[in-house]
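A.B. asks: One structure, pasted below without further comment.
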Amino acid sequence: MNDTDRELLTAAVGRAKRSRDEGNHPFGAVLADRNGAILLEAGNTVGTEKDCTGHAETNLARAASKAYDRDFLRSCTLYTSAEPCAMCSGAIYWSGIGRVVYALSERALRDITGDDPENPTLDLPCREVFARGQRTVTVEGPEGVPGASAVHEGFWRPVDRL
């Protein structure tokens with residue numbers, strides 16, 4: 001992690017805040033080239049598009065695969081406010097993106113969301129998903145950045161356990 005990585009990860013957290021402000025789950029992702037230039041960004045669209053697959057990372061991987069070829073995407077980094085879920089990890093893998101950097105771990109996110117049915121986590125680290133593939137996806141995280149947890153405060157409504 002260098003200063004550019006931290007700035008881009010902070011940008012992903014900022015996109016997560018905008019997603020929440022737009023009426024969606026608080027997740028955001030940014031795609032940058034090898035020089036740190038932002039190419040694309042995406043937020044979560046589960047709420048506004050009524051699409052359970054509208055996660056920020058999947059939305060970004062979809063847009064990236066339409067805009068760039070796989071050879072180029074291998075040199076790019078996807079920065080995300082929270083660790084990619086199993087579905088998003090698959091989308092990242094198939095898009096060809098070569099590196100992922102995330103702020104909040106899936107485990108930490110589950111601690112925040114609890115049993116909220118809006119986030120039925122699989123509790124499967126993205127590293128495990130990528131390890132099953134035929135190509136390498138470099139992963140860095142969790143990396144602490146300001147606001148990564150705060151963007152979730154008051155959003156989730158965990159179900160009380162009896």
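Each chain of the structure tokens is named A, B, ... in the order shown, its residues numbered from 1; ligands are numbered from 1 in display order.
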Leaving out A:Thr45 and any residue of its chain fewer than 5 positions from it, which residues lie within 7 Å of it when counting only C-alpha atoms, given as a list of chain:residue names?
C.D. replies: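 In the requested format, the answer is A:Asn24, A:Gly54, A:His55.
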A.B. asks: Could you find all residues in chain A that DSSP calls helix (DSSP H, G or I) from the backbone, and write them as a PyMOL selection string?
C.D. replies: chain A and resi 3-21+46-49+56-67+70-73+86-95+106-113+126-131+150-152
A.B. asks: When you look at stretch 65-80 of chain A with a cut-off of 8 Å (counting only C-alpha atoms), what residues show up, excluding the ones that are within fewer than 6 positions of it in the same chain? I need them as a list of chain:residue names.
C.D. replies: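 So the residues in contact are A:Leu8, A:Leu9, A:Ala12, A:Val13, A:Phe27, A:Gly28, A:Ala29, A:Val30, A:Leu31, A:Ala32, A:Asp33, A:Arg34, A:Glu57, A:Ser95, A:Gly96, A:Ile97, A:Gly98, A:Arg99, A:Val100, A:Val101, A:Tyr102, A:Ala103.
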A.B. asks: Please dump the current selection as a compact mmCIF listing (two decimals), in the first residue's frame; keep all heavy atoms.
C.D. replies:
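File written: result-v8.txt
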```
# COMPACT_ATOMS: atom_id res chain seq x y z
N LEU A 8 -6.98 6.21 -3.46
CA LEU A 8 -7.98 5.54 -4.28
C LEU A 8 -8.94 4.72 -3.44
O LEU A 8 -10.14 4.64 -3.76
CB LEU A 8 -7.30 4.70 -5.35
CG LEU A 8 -6.57 5.55 -6.40
CD1 LEU A 8 -5.63 4.71 -7.23
CD2 LEU A 8 -7.56 6.29 -7.29
N LEU A 9 -8.45 4.15 -2.37
CA LEU A 9 -9.32 3.42 -1.45
C LEU A 9 -10.27 4.40 -0.75
O LEU A 9 -11.47 4.11 -0.59
CB LEU A 9 -8.48 2.65 -0.44
CG LEU A 9 -9.13 1.48 0.27
CD1 LEU A 9 -9.80 0.53 -0.69
CD2 LEU A 9 -8.08 0.75 1.10
N ALA A 12 -13.03 5.15 -3.08
CA ALA A 12 -14.03 4.08 -3.10
C ALA A 12 -14.99 4.23 -1.92
O ALA A 12 -16.20 4.03 -2.06
CB ALA A 12 -13.36 2.71 -3.08
N VAL A 13 -14.47 4.59 -0.76
CA VAL A 13 -15.32 4.81 0.42
C VAL A 13 -16.23 6.03 0.17
O VAL A 13 -17.41 6.01 0.52
CB VAL A 13 -14.47 4.99 1.70
CG1 VAL A 13 -15.33 5.44 2.87
CG2 VAL A 13 -13.77 3.67 2.03
N PHE A 27 -21.89 0.84 -0.54
CA PHE A 27 -20.70 0.22 -1.11
C PHE A 27 -20.28 0.98 -2.35
O PHE A 27 -21.12 1.43 -3.13
CB PHE A 27 -20.94 -1.24 -1.47
CG PHE A 27 -21.33 -2.10 -0.31
CD1 PHE A 27 -22.66 -2.42 -0.08
CD2 PHE A 27 -20.37 -2.56 0.58
CE1 PHE A 27 -23.03 -3.20 1.00
CE2 PHE A 27 -20.74 -3.34 1.67
CZ PHE A 27 -22.07 -3.66 1.88
N GLY A 28 -18.97 1.09 -2.55
CA GLY A 28 -18.45 1.77 -3.73
C GLY A 28 -17.16 1.15 -4.20
O GLY A 28 -16.43 0.54 -3.42
N ALA A 29 -16.87 1.33 -5.49
CA ALA A 29 -15.66 0.77 -6.08
C ALA A 29 -15.11 1.72 -7.14
O ALA A 29 -15.87 2.45 -7.78
CB ALA A 29 -15.96 -0.59 -6.70
N VAL A 30 -13.80 1.68 -7.29
CA VAL A 30 -13.08 2.52 -8.25
C VAL A 30 -12.09 1.64 -9.00
O VAL A 30 -11.43 0.80 -8.40
CB VAL A 30 -12.32 3.65 -7.50
CG1 VAL A 30 -11.40 4.41 -8.42
CG2 VAL A 30 -13.30 4.60 -6.82
N LEU A 31 -11.98 1.84 -10.31
CA LEU A 31 -10.98 1.14 -11.11
C LEU A 31 -9.92 2.14 -11.53
O LEU A 31 -10.24 3.22 -12.04
CB LEU A 31 -11.62 0.52 -12.36
CG LEU A 31 -10.67 -0.28 -13.25
CD1 LEU A 31 -10.29 -1.60 -12.57
CD2 LEU A 31 -11.30 -0.54 -14.62
N ALA A 32 -8.66 1.77 -11.31
CA ALA A 32 -7.55 2.65 -11.68
C ALA A 32 -6.54 1.89 -12.53
O ALA A 32 -6.36 0.68 -12.38
CB ALA A 32 -6.85 3.20 -10.44
N ASP A 33 -5.88 2.63 -13.41
CA ASP A 33 -4.83 2.02 -14.22
C ASP A 33 -3.54 1.91 -13.40
O ASP A 33 -3.49 2.33 -12.24
CB ASP A 33 -4.61 2.78 -15.54
CG ASP A 33 -4.03 4.18 -15.37
OD1 ASP A 33 -3.51 4.52 -14.29
OD2 ASP A 33 -4.10 4.94 -16.36
N ARG A 34 -2.50 1.38 -14.00
CA ARG A 34 -1.24 1.13 -13.27
C ARG A 34 -0.60 2.41 -12.76
O ARG A 34 0.23 2.38 -11.87
CB ARG A 34 -0.26 0.34 -14.13
CG ARG A 34 0.30 1.15 -15.30
CD ARG A 34 1.33 0.39 -16.10
NE ARG A 34 0.69 -0.70 -16.82
CZ ARG A 34 1.23 -1.89 -17.02
NH1 ARG A 34 2.44 -2.14 -16.61
NH2 ARG A 34 0.58 -2.81 -17.68
N GLU A 57 -18.92 -3.73 -6.95
CA GLU A 57 -17.82 -4.39 -7.66
C GLU A 57 -18.30 -5.09 -8.92
O GLU A 57 -17.62 -5.07 -9.94
CB GLU A 57 -17.11 -5.39 -6.74
CG GLU A 57 -16.53 -4.79 -5.49
CD GLU A 57 -17.50 -4.80 -4.30
OE1 GLU A 57 -18.74 -4.92 -4.51
OE2 GLU A 57 -17.02 -4.70 -3.17
N SER A 95 -13.67 -10.71 -15.38
CA SER A 95 -13.38 -9.48 -16.14
C SER A 95 -11.91 -9.39 -16.52
O SER A 95 -11.57 -8.71 -17.48
CB SER A 95 -13.75 -8.25 -15.31
OG SER A 95 -12.82 -8.04 -14.26
N GLY A 96 -11.05 -10.01 -15.74
CA GLY A 96 -9.62 -9.96 -16.00
C GLY A 96 -8.87 -8.98 -15.13
O GLY A 96 -7.64 -8.87 -15.25
N ILE A 97 -9.56 -8.23 -14.28
CA ILE A 97 -8.89 -7.27 -13.39
C ILE A 97 -7.83 -8.00 -12.57
O ILE A 97 -8.08 -9.07 -12.03
CB ILE A 97 -9.91 -6.55 -12.50
CG1 ILE A 97 -10.85 -5.69 -13.37
CG2 ILE A 97 -9.22 -5.71 -11.42
CD1 ILE A 97 -12.07 -5.15 -12.65
N GLY A 98 -6.63 -7.40 -12.49
CA GLY A 98 -5.50 -8.10 -11.90
C GLY A 98 -5.23 -7.89 -10.43
O GLY A 98 -4.48 -8.66 -9.82
N ARG A 99 -5.83 -6.86 -9.84
CA ARG A 99 -5.52 -6.56 -8.43
C ARG A 99 -6.75 -5.98 -7.77
O ARG A 99 -7.49 -5.20 -8.37
CB ARG A 99 -4.37 -5.58 -8.37
CG ARG A 99 -3.93 -5.18 -6.98
CD ARG A 99 -2.66 -4.32 -7.05
NE ARG A 99 -2.28 -3.81 -5.75
CZ ARG A 99 -2.20 -2.52 -5.42
NH1 ARG A 99 -2.48 -1.58 -6.33
NH2 ARG A 99 -1.85 -2.15 -4.23
N VAL A 100 -6.95 -6.35 -6.50
CA VAL A 100 -8.05 -5.84 -5.69
C VAL A 100 -7.48 -5.32 -4.38
O VAL A 100 -6.66 -5.99 -3.74
CB VAL A 100 -9.08 -6.96 -5.39
CG1 VAL A 100 -10.13 -6.49 -4.38
CG2 VAL A 100 -9.74 -7.44 -6.67
N VAL A 101 -7.92 -4.13 -3.98
CA VAL A 101 -7.56 -3.56 -2.69
C VAL A 101 -8.86 -3.19 -2.01
O VAL A 101 -9.69 -2.48 -2.59
CB VAL A 101 -6.65 -2.31 -2.84
CG1 VAL A 101 -6.33 -1.72 -1.48
CG2 VAL A 101 -5.38 -2.66 -3.60
N TYR A 102 -9.05 -3.67 -0.77
CA TYR A 102 -10.31 -3.37 -0.08
C TYR A 102 -10.07 -2.82 1.31
O TYR A 102 -9.04 -3.05 1.93
CB TYR A 102 -11.22 -4.60 -0.04
CG TYR A 102 -10.71 -5.77 0.77
CD1 TYR A 102 -10.99 -5.86 2.13
CD2 TYR A 102 -9.99 -6.80 0.17
CE1 TYR A 102 -10.54 -6.94 2.87
CE2 TYR A 102 -9.55 -7.87 0.90
CZ TYR A 102 -9.83 -7.94 2.26
OH TYR A 102 -9.39 -9.02 2.99
N ALA A 103 -11.07 -2.09 1.79
CA ALA A 103 -10.98 -1.45 3.10
C ALA A 103 -11.51 -2.38 4.19
O ALA A 103 -10.75 -2.87 5.01
CB ALA A 103 -11.74 -0.12 3.10
```
A.B. asks: Write out as a PyMOL selection string the residues lying within 12 Å of A:Ala56, counting only C-alpha atoms and excluding same-chain residues fewer than 4 positions away.
C.D. replies: chain A and resi 12-13+15-20+24-31+40-47+51-52+60-63+78-85+87-89+91-92
A.B. asks: Report the residues of stretch 88-155 of chain A whose backbone DSSP state falls under strand (DSSP E or B), written as JSON, numbers by chain.
C.D. replies: {"A": [99, 100, 101, 102, 103, 104, 138, 139, 140]}
A.B. asks: Using only C-alpha atoms, which residue out of A:Thr4, A:Glu118, A:Ala148, A:Glu143 lies closest to A:Asn35?
C.D. replies: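 Distance minimum relative to A:Asn35 lands on A:Thr4.
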A.B. asks: Using only C-alpha atoms for the distances, tell me which of A:Leu39, A:Met1, A:Val145, A:Ala86 is nearest to A:Thr121.
C.D. replies: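 Using only C-alpha atoms, the shortest distance to A:Thr121 belongs to A:Ala86.
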A.B. asks: Ranking A:Glu153, A:Leu104, A:Gly90, A:Thr10 by minimum distance to A:Val137 and counting only C-alpha atoms, which one comes first?
C.D. replies: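 Of A:Glu153, A:Leu104, A:Gly90, A:Thr10, the one nearest A:Val137, counting only C-alpha atoms, is A:Gly90.
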A.B. asks: Kindly give the distance, in Å, that separates atom CA of A:Arg132 and atom CA of A:Ala64, rounded to a single decimal.
C.D. replies: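 Pair atom CA of A:Arg132 / atom CA of A:Ala64 returns 22.2 Å.
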A.B. asks: Could you work out how far atom CA of A:Arg6 lies from atom CA of A:Thr58, giving the answer in Å with one decimal?
C.D. replies: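 About the pair atom CA of A:Thr58 and atom CA of A:Arg6: they are 21.5 Å apart.
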